[in-house]
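Asks: One structure follows; several queries about it will come next.
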Amino acid sequence: MYFAASNRGLCGFGVEGLSELENQPTQNKEIMFCTWVEAETDGLPRVNLCEWPEMSQLRALAGALRGGSFWLRGRIGVGGRYNPCRGCSLGAVEPSLALCSSSYVEEMYYAWLEDHKNVHESWDAYFRNAQASTSVGKTEARRPSSLLQGRAMSQTPAMSQKVVEDHLAVHTLIRAYQVRGHHAAQLDPLGILEADLDSFVPSDLITTIDKLGIYGLEESDLDKTFQLPSTTFIGGGETTLPLREIIRRLETAYCGHIGVEYMFINNVEQCQWIRQKFEMPGVMRFTNSEKRTLLARLVRSTRFEDFLARKWSSEKRFGLEGCEVLIPALKMMIDKSSEAGIDTVIMGMPHRGRLNVLANVVRKDLDQIFCQFDPKLEAADEGSGDVKYHLGMYHERINRETDKNITLSLMANPSHLEAVDPVVQGKTKAEQFYSGDTEGKKVMSILIHGDAAFAGQGVVYETFHLSELPSYTTHGTIHVVVNNQIGFTTDPRMARSSPYPTDVARVVNAPIFHVNADDPEAVMYVCRVAAEWRSTFNKDVVIDLVCYRRFGHNEMDEPMFTQPLMYKQIRRQQHVLKKYSDKLISEGVVTLQEFEEEVAKYDKICEEAYTSSKDEKILHIRHWLDSPWPDFFTAEGEPRSMSCPTTGLGEEVLQHIGQTASSVPLEDFFIHPGVSRILRGRADMVQKRQVDWALGEYMAFGSLLKDGIHVRLSGQDVERGTFSHRHHVLHDQEVDKRICVPMNHLWQNQAPYTVCNSSLSEYGVLGFELGFAMASPNALVCWEAQFGDFYNTAQCIIDQFISPGQAKWVRHNGIVLLLPHGMEGMGPEHSSARPERFLQMSKDDPDRYPEITGDFEVQQLYDCNWIVVNCSTPANYFHVLRRQILLPFRKPLIIFTPKSLLRHPDARSSFDDMSSGTKFRRIIPDAGPASQTPEEVKRVIFCTGKVYYELAKERKKHNLESHVAIVRLEQISPFPFDLIKAEVEKYGKAELIWCQEEHKNMGYYDYVRPRFLTVLSNKKPIWYVGRDPAAAPATGNKVTHLAELKRFMDTAFNLEAFKGRSF
Ligand SMILES: Cc1ncc(C[n+]2csc(CCOP(=O)(O)OP(=O)(O)O)c2C)c(N)n1
Ligand SMILES: [Mg+2]
């Protein structure tokens, strides 16, 4: 059975609706189910479908369109002649019809001018008539639209006028299908749901004969021939077609098992390309060999799930049943992309069908997957590991269809749906960047989504908005939505406000191909077109695989609790493999025996892998690594050493970088006088062998570039710097968009420096940079928040990836987070980067004094999950950035960066603090009079960050420089137990204070206190000085802010404040 028409009548009711329908008068039923098409014999494309007996009773358009019988029972001409203002108003916004019409007439006219035979005889008559009625010589030059409107029009005989109007109507009708045909496509395999959540059938689609009336057409027009506009390809080689055939072909192209949504794309070439792909007769033909490959892939996909279900019936696996076609779909995209030159595909996907993708697309060894189900399997790696349906994989192999090498990776991901999207994009961008693939011709990403998550999660939108930005584009992603029309227990109607789950993709003009997943050939076709689209236009594209979920959310869930009628239908639903194999057998493409052999062959593969999986006793998560760095680590995945060289630089390197940072390396480049002043200030500092914050950063970045380390700095307004201190991109004041990045003019063979202002997103952009940092250990990838507190909209990336990434997936990552932080009286926001949160997630033990052996500093860094620092000097900031790369492993680095210190005259460092042999200082001990006579010191104030400068100033004011020592904790986590112990012992008689400017329940206090007590063996207290506990991170009132500061400064230097207090 073949069909190519709409079943919206059925779709409108759902299962419950069916019983309502029973009560409708018979005639209405026939009108509703009027578009069933029988097998074609005229060489037009056949949508070769599986049998759908229940639907077959409901459709009847084809017969009717072929001059047939009973389909048109409505009243002819209902609504009168077509009125462009009213008749076409439902559904999507229609471009000006008058415009379309006149351009259509123009098209006809110019074709006619070229050769009168180019157009239909009725048009020929019309133009001749018009010409005759206009003064000789002038007509040729006149625009046809004026012919229509002017005297000629009025003088056109009634017959010609009808011809023109009918042509315009047909043109509009064609356009209606192009714009709204997808609303009537048969997308739901179950036949009971609406993929667009609406039973509404656009009024301008010809589902019943009375619809012709709104165009002013009549049944008798069905056999009249009409000229086709150049905006359609339904004619194939024909330029004219009878109306009956036009409608039939439009139904075939737009209302079958594929719904194409593309008319919102504001690019004519792209729209034409899509029209050609879907309208051209005969486009959807598959060779027998292609059909057999598809069947074999469907066998693997289906039997893999069956196998797991049989062997581990009570295990969660988030099976793919109901969307088994996903596997052949992905393989088709990969085949076609490989054919177009792609050699690396990076994929991200959620839980559903993940094991199947690992097994049958990435080709993870089956025994490795099966052994994951063994509850006795011991973990060989440190860390938590992760559940089997979160793990990633990397695999290089030959693509059988193209015989070319292809590397496939599936990124590990957390449960948090869609969080992996920007990470995949970042990694893809990095792979493109490092392989010189500037146009995405070699590396591409595929993202797979669930329908509820795709519609509901904001990060999807954030990720889409990166897709066309120069420093973030991956040159087109293929998105596949496994649209099983449910999210856990929630119906789509309760889960989204948009018609489709895919509407979010419209913001970037990505075409959306909705397809009925029970029609494997239709699915293969859209996958092929999607891959071609991506390689042709390098833009995103979405495939909406409308399917169902055969079981509950997981295999243990009972879906009948919440979706009883849907699941009754699902129980009746024949498996797609059965439907498709029956079809191919009946077509003679395969025999039953061949099919059964294929099934038996794969079952045997599974059984054998199952047997060998029993030999596995130990689980190596490192075998599931999605981004290996083979040259960086040893063969066993270990660091090559456990030490770190010093991070200082030679004088000439510092001088050279300093000079470039204070100059404009391009000729005739006119910078703003304010920027000139900043550069002069830098030159001045360089001459004095000094750096401020910005220059310290410049020195770190510039020196790494010299050593071939790519540096990437991304975030909102990072090019200039939120605080106007950085100015890494200079703008010519006289030539629009002419820029200069002096950092890229430092050395002859330096690595490239990327500095890029991002979109206003944290979740998406931080995820992206994290992915970027995964691709190579030889890059310093920094993400800067505008103000530190804004990072919390990216909390998921921090909690799910950055903090536990290595523990879950044995994956190192050296991303750097720059979080401007500090209480400057700016209010509850713009003040705190919430250090307490990062510290709470640091894994170093507060209660155990560590064994101090070997290179303790490096060992401690290796053991931690991330490094948290708050540097008080530019030199230390410089060193910590360089150390990040010189370490023999990678750890995320969280840096609380200053605001007022950027320009603080005391917050400067000398070249001496950065010269050869110097290194990062985990603490900065007191270097003043107090340190000379430690036995006279009454109090030691430990602090971190900018408050040091306020304390130092206050101490001077109180003339307490010999009695109060101030020690700066620069690396907060991992806690420098060894150095703190030395300080505590040095000032043995002094009382100890922890001073912070943050509120007591925030900042660092809860983290440092137990660690100090461990150092002190709980024998001595460490007193708290700082702001009182609070709900908001800072006051909005300047006076209160200053009063709070004064109060705790007074306490810090009141040597009696803690006298007599017990702890
Ligand atoms: C960010 C996030 N919120 C909630 C959940 C809990 N959850 C897991 S699966 C699921 C439903 C997902 O539905 P859909 O995206 O349609 O995928 P399906 O399971 O239907 O394949 C939910 C809500 C989650 N994993 N992640
Ligand atoms: Mg779903």
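Residues are referred to by chain and number: the chain letter is A, B, ... according to the order shown in the structure tokens, the number counts from 1 in that chain, and ligands are numbered separately from 1 in the order shown.
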Any residue with an atom at most 7 Å from ligand 2 counts, using only C-alpha atoms and all ligand atoms. Which are they? Put them as number ranges by chain.
Replies: A: 450-452, 482-488
Asks: Next, dump the selected residues to file, keeping only N, CA, C and O atoms, as a CSV table (one decimal), in the first residue's frame.
Replies:
chain,number,residue,atom,x,y,z
A,450,GLY,N,16.1,14.4,23.4
A,450,GLY,CA,14.7,13.9,23.6
A,450,GLY,C,13.7,15.0,23.4
A,450,GLY,O,14.1,16.2,23.4
A,451,ASP,N,12.5,14.7,23.0
A,451,ASP,CA,11.5,15.8,22.7
A,451,ASP,C,11.3,16.7,23.8
A,451,ASP,O,11.3,17.9,23.7
A,452,ALA,N,11.1,16.2,25.0
A,452,ALA,CA,10.7,17.0,26.2
A,452,ALA,C,11.9,17.9,26.5
A,452,ALA,O,11.8,19.1,26.8
A,482,VAL,N,14.8,12.4,19.2
A,482,VAL,CA,14.1,11.2,19.3
A,482,VAL,C,12.7,11.6,20.0
A,482,VAL,O,12.6,11.7,21.2
A,483,ASN,N,11.8,11.9,19.1
A,483,ASN,CA,10.5,12.4,19.6
A,483,ASN,C,9.5,11.3,19.8
A,483,ASN,O,8.7,11.0,19.0
A,484,ASN,N,9.6,10.7,21.0
A,484,ASN,CA,8.7,9.6,21.4
A,484,ASN,C,7.4,10.2,22.0
A,484,ASN,O,6.6,9.4,22.5
A,485,GLN,N,7.2,11.4,21.9
A,485,GLN,CA,5.9,12.1,22.2
A,485,GLN,C,5.6,11.9,23.7
A,485,GLN,O,4.4,11.9,24.1
A,486,ILE,N,6.6,11.9,24.5
A,486,ILE,CA,6.4,11.8,25.9
A,486,ILE,C,7.7,12.1,26.6
A,486,ILE,O,8.8,11.9,26.0
A,487,GLY,N,7.7,12.7,27.8
A,487,GLY,CA,8.8,13.0,28.6
A,487,GLY,C,8.6,12.4,30.0
A,487,GLY,O,7.8,12.9,30.7
A,488,PHE,N,9.2,11.3,30.2
A,488,PHE,CA,9.0,10.5,31.5
A,488,PHE,C,7.5,10.1,31.6
A,488,PHE,O,7.1,9.2,31.0
Asks: If you count only C-alpha atoms, which residues fall within 9 Å of Pro520 in chain A, apart from same-chain ones fewer than 6 positions away, as number ranges by chain?
Replies: A: 49-50, 294-295, 298, 325, 328-329, 576, 580
Asks: Could you take the residues named above and write them with N, CA and C atoms, as a short mmCIF file (atom, residue, chain, number, x, y, z; two decimals), in the first residue's frame?
Replies:
data_model
loop_
_atom_site.label_atom_id
_atom_site.label_comp_id
_atom_site.auth_asym_id
_atom_site.auth_seq_id
_atom_site.Cartn_x
_atom_site.Cartn_y
_atom_site.Cartn_z
N LEU A 49 5.78 2.59 1.92
CA LEU A 49 5.53 2.49 3.35
C LEU A 49 5.20 1.09 3.79
N CYS A 50 5.30 0.96 5.10
CA CYS A 50 4.86 -0.30 5.68
C CYS A 50 3.33 -0.29 5.70
N LEU A 294 19.82 -1.09 4.95
CA LEU A 294 18.92 -0.50 5.95
C LEU A 294 18.29 -1.58 6.81
N LEU A 295 17.86 -2.65 6.16
CA LEU A 295 17.24 -3.74 6.92
C LEU A 295 18.26 -4.35 7.89
N LEU A 298 18.68 -2.21 10.82
CA LEU A 298 17.49 -2.26 11.67
C LEU A 298 17.48 -3.56 12.48
N VAL A 325 14.85 2.90 14.52
CA VAL A 325 15.38 3.46 13.28
C VAL A 325 16.50 4.48 13.52
N PRO A 328 20.06 3.06 12.11
CA PRO A 328 20.32 3.28 10.67
C PRO A 328 20.33 4.76 10.30
N ALA A 329 19.55 5.56 11.04
CA ALA A 329 19.51 7.00 10.71
C ALA A 329 20.89 7.63 10.94
N VAL A 576 8.71 -2.10 13.99
CA VAL A 576 9.10 -1.56 12.69
C VAL A 576 9.92 -2.58 11.90
N TYR A 580 8.99 -3.59 8.18
CA TYR A 580 9.90 -3.32 7.07
C TYR A 580 10.40 -4.62 6.42
#
Asks: Got a sec to check which residues lie within 9 Å of ligand 1, using only C-alpha atoms and all ligand atoms, and send them as a PyMOL selection string?
Replies: chain A and resi 318+320+350-353+414-419+449-457+481-490+492+548-549+552-554+796
Asks: Go ahead and save the residues from that selection, with N, CA, C and O atoms, as a compact mmCIF listing (two decimals), in the first residue's frame.
Replies:
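File written: again30.txt
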# COMPACT_ATOMS: atom_id res chain seq x y z
N PHE A 318 17.28 2.09 29.40
CA PHE A 318 16.69 3.17 28.59
C PHE A 318 16.73 2.79 27.11
O PHE A 318 17.34 3.44 26.28
N LEU A 320 15.80 1.60 23.23
CA LEU A 320 15.42 2.40 22.07
C LEU A 320 14.11 1.93 21.44
O LEU A 320 13.65 2.47 20.44
N PRO A 350 21.45 11.83 25.02
CA PRO A 350 20.98 11.48 26.36
C PRO A 350 20.91 9.96 26.53
O PRO A 350 21.47 9.20 25.74
N HIS A 351 20.17 9.55 27.54
CA HIS A 351 20.10 8.15 27.94
C HIS A 351 19.50 7.21 26.89
O HIS A 351 19.97 6.12 26.68
N ARG A 352 18.42 7.69 26.24
CA ARG A 352 17.61 6.77 25.43
C ARG A 352 18.37 6.21 24.22
O ARG A 352 18.79 6.97 23.35
N GLY A 353 18.58 4.91 24.24
CA GLY A 353 19.24 4.27 23.10
C GLY A 353 20.75 4.42 23.10
O GLY A 353 21.42 4.07 22.14
N PRO A 414 26.31 13.77 31.85
CA PRO A 414 25.59 13.53 33.10
C PRO A 414 24.11 13.30 32.80
O PRO A 414 23.68 13.39 31.65
N SER A 415 23.34 13.05 33.82
CA SER A 415 21.89 12.89 33.64
C SER A 415 21.25 14.18 33.15
O SER A 415 20.20 14.16 32.53
N HIS A 416 21.87 15.27 33.48
CA HIS A 416 21.27 16.57 33.18
C HIS A 416 21.09 16.76 31.69
O HIS A 416 22.06 16.97 30.95
N LEU A 417 19.85 16.66 31.29
CA LEU A 417 19.56 16.60 29.86
C LEU A 417 20.01 17.86 29.16
O LEU A 417 19.87 18.96 29.68
N GLU A 418 20.56 17.69 28.02
CA GLU A 418 21.02 18.74 27.09
C GLU A 418 22.28 19.46 27.56
O GLU A 418 22.84 20.27 26.84
N ALA A 419 22.74 19.17 28.78
CA ALA A 419 23.93 19.88 29.27
C ALA A 419 25.14 19.59 28.39
O ALA A 419 26.05 20.43 28.29
N HIS A 449 18.66 14.44 20.81
CA HIS A 449 17.89 15.04 21.90
C HIS A 449 16.62 14.23 22.16
O HIS A 449 16.13 13.54 21.28
N GLY A 450 16.07 14.41 23.35
CA GLY A 450 14.72 13.90 23.64
C GLY A 450 13.75 15.03 23.35
O GLY A 450 14.11 16.21 23.43
N ASP A 451 12.50 14.70 23.03
CA ASP A 451 11.55 15.76 22.67
C ASP A 451 11.27 16.71 23.83
O ASP A 451 11.28 17.94 23.66
N ALA A 452 11.07 16.16 25.03
CA ALA A 452 10.74 17.03 26.16
C ALA A 452 11.93 17.90 26.52
O ALA A 452 11.79 19.11 26.78
N ALA A 453 13.10 17.32 26.52
CA ALA A 453 14.29 18.08 26.91
C ALA A 453 14.64 19.14 25.87
O ALA A 453 15.01 20.27 26.21
N PHE A 454 14.48 18.81 24.61
CA PHE A 454 14.84 19.76 23.54
C PHE A 454 13.97 21.01 23.64
O PHE A 454 14.45 22.13 23.48
N ALA A 455 12.69 20.78 23.96
CA ALA A 455 11.79 21.92 24.07
C ALA A 455 11.98 22.65 25.40
O ALA A 455 11.82 23.87 25.47
N GLY A 456 12.31 21.92 26.44
CA GLY A 456 12.27 22.51 27.77
C GLY A 456 13.55 23.13 28.28
O GLY A 456 13.52 24.07 29.07
N GLN A 457 14.68 22.65 27.83
CA GLN A 457 15.94 23.10 28.43
C GLN A 457 16.50 24.33 27.71
O GLN A 457 16.75 24.31 26.49
N VAL A 481 16.06 14.65 16.97
CA VAL A 481 15.21 14.58 18.15
C VAL A 481 14.50 13.23 18.15
O VAL A 481 13.77 12.90 17.21
N VAL A 482 14.78 12.45 19.18
CA VAL A 482 14.05 11.18 19.34
C VAL A 482 12.72 11.56 20.00
O VAL A 482 12.60 11.66 21.20
N ASN A 483 11.78 11.86 19.13
CA ASN A 483 10.51 12.44 19.59
C ASN A 483 9.51 11.32 19.85
O ASN A 483 8.67 11.00 19.00
N ASN A 484 9.63 10.73 21.04
CA ASN A 484 8.71 9.64 21.38
C ASN A 484 7.42 10.16 21.98
O ASN A 484 6.62 9.42 22.51
N GLN A 485 7.21 11.44 21.88
CA GLN A 485 5.95 12.08 22.22
C GLN A 485 5.58 11.93 23.69
O GLN A 485 4.40 11.92 24.06
N ILE A 486 6.61 11.86 24.49
CA ILE A 486 6.41 11.80 25.93
C ILE A 486 7.73 12.14 26.61
O ILE A 486 8.81 11.91 26.04
N GLY A 487 7.65 12.72 27.79
CA GLY A 487 8.85 12.97 28.59
C GLY A 487 8.61 12.40 29.97
O GLY A 487 7.80 12.93 30.73
N PHE A 488 9.20 11.28 30.25
CA PHE A 488 9.00 10.54 31.50
C PHE A 488 7.52 10.14 31.62
O PHE A 488 7.12 9.16 31.01
N THR A 489 6.70 10.91 32.33
CA THR A 489 5.26 10.60 32.35
C THR A 489 4.44 11.75 31.79
O THR A 489 3.21 11.72 31.86
N THR A 490 5.11 12.78 31.29
CA THR A 490 4.39 14.01 30.93
C THR A 490 4.08 14.06 29.44
O THR A 490 4.96 13.88 28.60
N PRO A 492 3.28 15.80 25.88
CA PRO A 492 3.82 17.01 25.25
C PRO A 492 2.96 18.25 25.49
O PRO A 492 3.47 19.35 25.62
N TYR A 548 7.66 6.47 19.11
CA TYR A 548 6.95 6.21 20.36
C TYR A 548 7.92 5.47 21.27
O TYR A 548 9.02 5.07 20.85
N ARG A 549 7.54 5.32 22.52
CA ARG A 549 8.39 4.65 23.49
C ARG A 549 7.67 3.36 23.89
O ARG A 549 6.62 3.42 24.50
N GLY A 552 8.07 1.84 29.51
CA GLY A 552 7.99 3.04 30.34
C GLY A 552 9.23 3.88 30.19
O GLY A 552 10.08 3.62 29.33
N HIS A 553 9.36 4.90 31.04
CA HIS A 553 10.53 5.77 30.95
C HIS A 553 11.81 4.94 31.02
O HIS A 553 12.74 5.10 30.26
N ASN A 554 11.83 4.01 31.99
CA ASN A 554 12.86 2.97 31.91
C ASN A 554 12.12 1.64 31.95
O ASN A 554 10.89 1.61 32.04
N CYS A 796 25.29 24.00 36.34
CA CYS A 796 25.25 22.59 35.92
C CYS A 796 26.59 22.15 35.32
O CYS A 796 27.05 21.04 35.57
Asks: Which residues, written as a PyMOL selection string, have at least one atom at most 10 Å from Val686 in chain A, with only C-alpha atoms counted and residues fewer than 2 positions away on the same chain left out?
Replies: chain A and resi 654-659+661-662+680-684+688-692+695+910-911
Asks: Filtering to N, CA, C and O atoms, could you give me those residues as a short mmCIF file (atom, residue, chain, number, x, y, z; two decimals), in the first residue's frame?
Replies:
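Generated output (result.cif):
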data_model
loop_
_atom_site.label_atom_id
_atom_site.label_comp_id
_atom_site.auth_asym_id
_atom_site.auth_seq_id
_atom_site.Cartn_x
_atom_site.Cartn_y
_atom_site.Cartn_z
N LEU A 654 60.18 38.99 29.20
CA LEU A 654 59.25 39.91 29.87
C LEU A 654 59.26 41.27 29.16
O LEU A 654 58.20 41.86 28.90
N GLN A 655 60.45 41.71 28.83
CA GLN A 655 60.57 43.01 28.16
C GLN A 655 59.85 42.97 26.81
O GLN A 655 59.09 43.87 26.46
N HIS A 656 60.11 41.90 26.06
CA HIS A 656 59.52 41.80 24.71
C HIS A 656 57.99 41.80 24.77
O HIS A 656 57.33 42.53 24.03
N ILE A 657 57.47 40.98 25.66
CA ILE A 657 56.00 40.92 25.76
C ILE A 657 55.47 42.27 26.22
O ILE A 657 54.47 42.79 25.68
N GLY A 658 56.15 42.86 27.20
CA GLY A 658 55.70 44.15 27.72
C GLY A 658 55.67 45.21 26.63
O GLY A 658 54.73 46.01 26.56
N GLN A 659 56.66 45.17 25.76
CA GLN A 659 56.69 46.19 24.71
C GLN A 659 55.55 45.97 23.69
O GLN A 659 54.90 46.92 23.26
N ALA A 661 52.76 44.59 24.31
CA ALA A 661 51.50 44.90 25.00
C ALA A 661 51.26 46.40 25.06
O ALA A 661 50.13 46.84 25.27
N SER A 662 52.31 47.20 24.89
CA SER A 662 52.12 48.64 24.97
C SER A 662 52.26 49.32 23.62
O SER A 662 52.46 50.53 23.56
N ARG A 680 50.45 53.79 26.89
CA ARG A 680 51.60 54.57 27.40
C ARG A 680 51.88 54.19 28.85
O ARG A 680 53.03 54.04 29.27
N GLY A 681 50.78 54.01 29.60
CA GLY A 681 50.92 53.60 31.02
C GLY A 681 51.64 52.26 31.11
O GLY A 681 52.50 52.05 31.98
N ARG A 682 51.30 51.36 30.19
CA ARG A 682 51.96 50.04 30.19
C ARG A 682 53.45 50.20 29.88
O ARG A 682 54.30 49.58 30.52
N ALA A 683 53.73 51.01 28.89
CA ALA A 683 55.13 51.21 28.50
C ALA A 683 55.93 51.74 29.69
O ALA A 683 57.07 51.31 29.94
N ASP A 684 55.28 52.62 30.38
CA ASP A 684 55.89 53.20 31.59
C ASP A 684 56.22 52.12 32.62
O ASP A 684 57.30 52.08 33.20
N LYS A 688 59.76 50.56 34.12
CA LYS A 688 60.07 50.46 35.56
C LYS A 688 60.14 49.00 36.03
O LYS A 688 60.19 48.74 37.23
N ARG A 689 60.03 48.08 35.10
CA ARG A 689 60.07 46.64 35.39
C ARG A 689 58.94 46.25 36.34
O ARG A 689 59.12 45.54 37.30
N GLN A 690 57.76 46.75 36.00
CA GLN A 690 56.58 46.47 36.83
C GLN A 690 55.43 45.95 35.97
O GLN A 690 55.38 46.25 34.78
N VAL A 691 54.53 45.23 36.63
CA VAL A 691 53.29 44.85 35.93
C VAL A 691 52.09 45.12 36.82
O VAL A 691 52.17 45.00 38.04
N ASP A 692 50.98 45.48 36.16
CA ASP A 692 49.70 45.48 36.87
C ASP A 692 48.98 44.18 36.47
O ASP A 692 49.57 43.31 35.82
N LEU A 695 48.81 43.46 32.68
CA LEU A 695 50.12 43.16 32.10
C LEU A 695 50.64 41.79 32.59
O LEU A 695 51.28 41.06 31.83
N SER A 910 56.82 43.42 40.64
CA SER A 910 58.06 43.73 39.94
C SER A 910 58.43 42.56 39.04
O SER A 910 58.03 41.41 39.29
N PHE A 911 59.19 42.86 37.97
CA PHE A 911 59.70 41.79 37.12
C PHE A 911 60.47 40.76 37.96
O PHE A 911 60.54 39.59 37.61
#
Asks: Among range 336-425 of chain A, which residues does DSSP mark as helix (DSSP H, G or I) when it is run on the backbone? Keep the chain and numbering as in the structure and answer as a short mmCIF file (atom, residue, chain, number, x, y, z; two decimals) with N, CA, C and O atoms, in the first residue's frame.
Replies:
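Now in states10.cif:
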data_model
loop_
_atom_site.label_atom_id
_atom_site.label_comp_id
_atom_site.auth_asym_id
_atom_site.auth_seq_id
_atom_site.Cartn_x
_atom_site.Cartn_y
_atom_site.Cartn_z
N LYS A 336 26.97 9.49 4.67
CA LYS A 336 26.87 10.59 3.70
C LYS A 336 27.89 11.67 4.02
O LYS A 336 28.45 12.30 3.12
N SER A 337 28.12 11.90 5.30
CA SER A 337 29.08 12.94 5.68
C SER A 337 30.49 12.49 5.35
O SER A 337 31.32 13.27 4.89
N SER A 338 30.75 11.21 5.58
CA SER A 338 32.06 10.66 5.24
C SER A 338 32.29 10.81 3.73
O SER A 338 33.37 11.20 3.29
N GLU A 339 31.27 10.53 2.98
CA GLU A 339 31.35 10.69 1.52
C GLU A 339 31.72 12.13 1.15
O GLU A 339 32.48 12.37 0.22
N ARG A 354 21.29 4.91 24.20
CA ARG A 354 22.72 5.21 24.23
C ARG A 354 23.58 3.96 24.07
O ARG A 354 24.56 3.94 23.34
N LEU A 355 23.18 2.89 24.76
CA LEU A 355 23.98 1.66 24.67
C LEU A 355 23.97 1.14 23.24
O LEU A 355 24.98 0.66 22.72
N ASN A 356 22.83 1.27 22.61
CA ASN A 356 22.69 0.83 21.23
C ASN A 356 23.59 1.64 20.29
O ASN A 356 24.24 1.10 19.39
N VAL A 357 23.64 2.95 20.55
CA VAL A 357 24.51 3.80 19.72
C VAL A 357 25.97 3.42 19.93
O VAL A 357 26.75 3.32 18.99
N LEU A 358 26.33 3.18 21.19
CA LEU A 358 27.71 2.76 21.48
C LEU A 358 28.04 1.47 20.75
O LEU A 358 29.11 1.31 20.17
N ALA A 359 27.08 0.55 20.77
CA ALA A 359 27.34 -0.77 20.19
C ALA A 359 27.31 -0.73 18.67
O ALA A 359 28.19 -1.28 18.01
N ASN A 360 26.32 -0.10 18.12
CA ASN A 360 26.08 -0.25 16.69
C ASN A 360 26.47 0.94 15.83
O ASN A 360 26.47 0.83 14.60
N VAL A 361 26.77 2.05 16.45
CA VAL A 361 27.23 3.20 15.65
C VAL A 361 28.71 3.45 15.92
O VAL A 361 29.54 3.43 15.03
N VAL A 362 29.03 3.64 17.21
CA VAL A 362 30.45 3.88 17.54
C VAL A 362 31.23 2.57 17.49
O VAL A 362 32.42 2.56 17.28
N LEU A 366 31.02 -5.34 22.08
CA LEU A 366 29.79 -5.73 22.79
C LEU A 366 30.09 -6.31 24.17
O LEU A 366 29.36 -6.07 25.13
N ASP A 367 31.19 -7.08 24.27
CA ASP A 367 31.46 -7.68 25.58
C ASP A 367 31.76 -6.61 26.63
O ASP A 367 31.43 -6.75 27.80
N GLN A 368 32.34 -5.50 26.18
CA GLN A 368 32.60 -4.39 27.10
C GLN A 368 31.30 -3.76 27.59
O GLN A 368 31.21 -3.28 28.72
N ILE A 369 30.33 -3.75 26.73
CA ILE A 369 29.02 -3.21 27.14
C ILE A 369 28.32 -4.21 28.05
O ILE A 369 27.83 -3.86 29.12
N PHE A 370 28.33 -5.45 27.63
CA PHE A 370 27.59 -6.46 28.41
C PHE A 370 28.17 -6.61 29.82
O PHE A 370 27.42 -6.81 30.78
N CYS A 371 29.50 -6.51 29.92
CA CYS A 371 30.07 -6.76 31.24
C CYS A 371 29.67 -5.67 32.24
O CYS A 371 29.72 -5.86 33.45
N GLN A 372 29.23 -4.54 31.71
CA GLN A 372 28.77 -3.46 32.59
C GLN A 372 27.51 -3.84 33.37
O GLN A 372 27.14 -3.21 34.35
N PHE A 373 26.83 -4.86 32.87
CA PHE A 373 25.62 -5.30 33.57
C PHE A 373 25.95 -6.26 34.72
O PHE A 373 25.07 -6.66 35.46
N LYS A 388 26.43 3.03 33.32
CA LYS A 388 26.82 2.63 31.96
C LYS A 388 26.21 3.51 30.87
O LYS A 388 26.81 3.67 29.82
N TYR A 389 25.03 4.06 31.12
CA TYR A 389 24.41 4.85 30.06
C TYR A 389 24.82 6.33 30.12
O TYR A 389 24.15 7.19 29.58
N HIS A 390 25.94 6.62 30.82
CA HIS A 390 26.51 7.97 30.78
C HIS A 390 27.90 7.99 30.16
O HIS A 390 28.44 9.04 29.85
N VAL A 420 25.14 18.46 27.75
CA VAL A 420 26.32 18.09 26.95
C VAL A 420 26.35 18.84 25.61
O VAL A 420 27.38 18.87 24.94
N ASP A 421 25.25 19.45 25.23
CA ASP A 421 25.19 20.09 23.89
C ASP A 421 26.34 21.07 23.65
O ASP A 421 27.08 20.94 22.66
N PRO A 422 26.49 22.09 24.52
CA PRO A 422 27.57 23.04 24.23
C PRO A 422 28.95 22.40 24.38
O PRO A 422 29.90 22.83 23.73
N VAL A 423 29.04 21.37 25.22
CA VAL A 423 30.33 20.71 25.42
C VAL A 423 30.76 20.03 24.11
O VAL A 423 31.92 20.13 23.68
N VAL A 424 29.81 19.37 23.49
CA VAL A 424 30.09 18.73 22.20
C VAL A 424 30.51 19.78 21.18
O VAL A 424 31.48 19.60 20.42
N GLN A 425 29.81 20.89 21.19
CA GLN A 425 30.12 21.93 20.21
C GLN A 425 31.53 22.50 20.44
O GLN A 425 32.27 22.75 19.49
#
Asks: Identify, on the basis of only C-alpha atoms, every residue whose closest approach to range 237-239 of chain A does not exceed 9 Å; exclude the query and any residue fewer than 6 positions from it along the same chain; express the result as JSON, numbers by chain.
Replies: {"A": [118, 119, 120, 226, 227, 228, 229, 230]}
Asks: For the strand (DSSP E or B) assignment from backbone DSSP, which residues of range 851-916 of chain A qualify? Please present them as number ranges by chain.
Replies: A: 867-869, 893-897, 909-910, 915
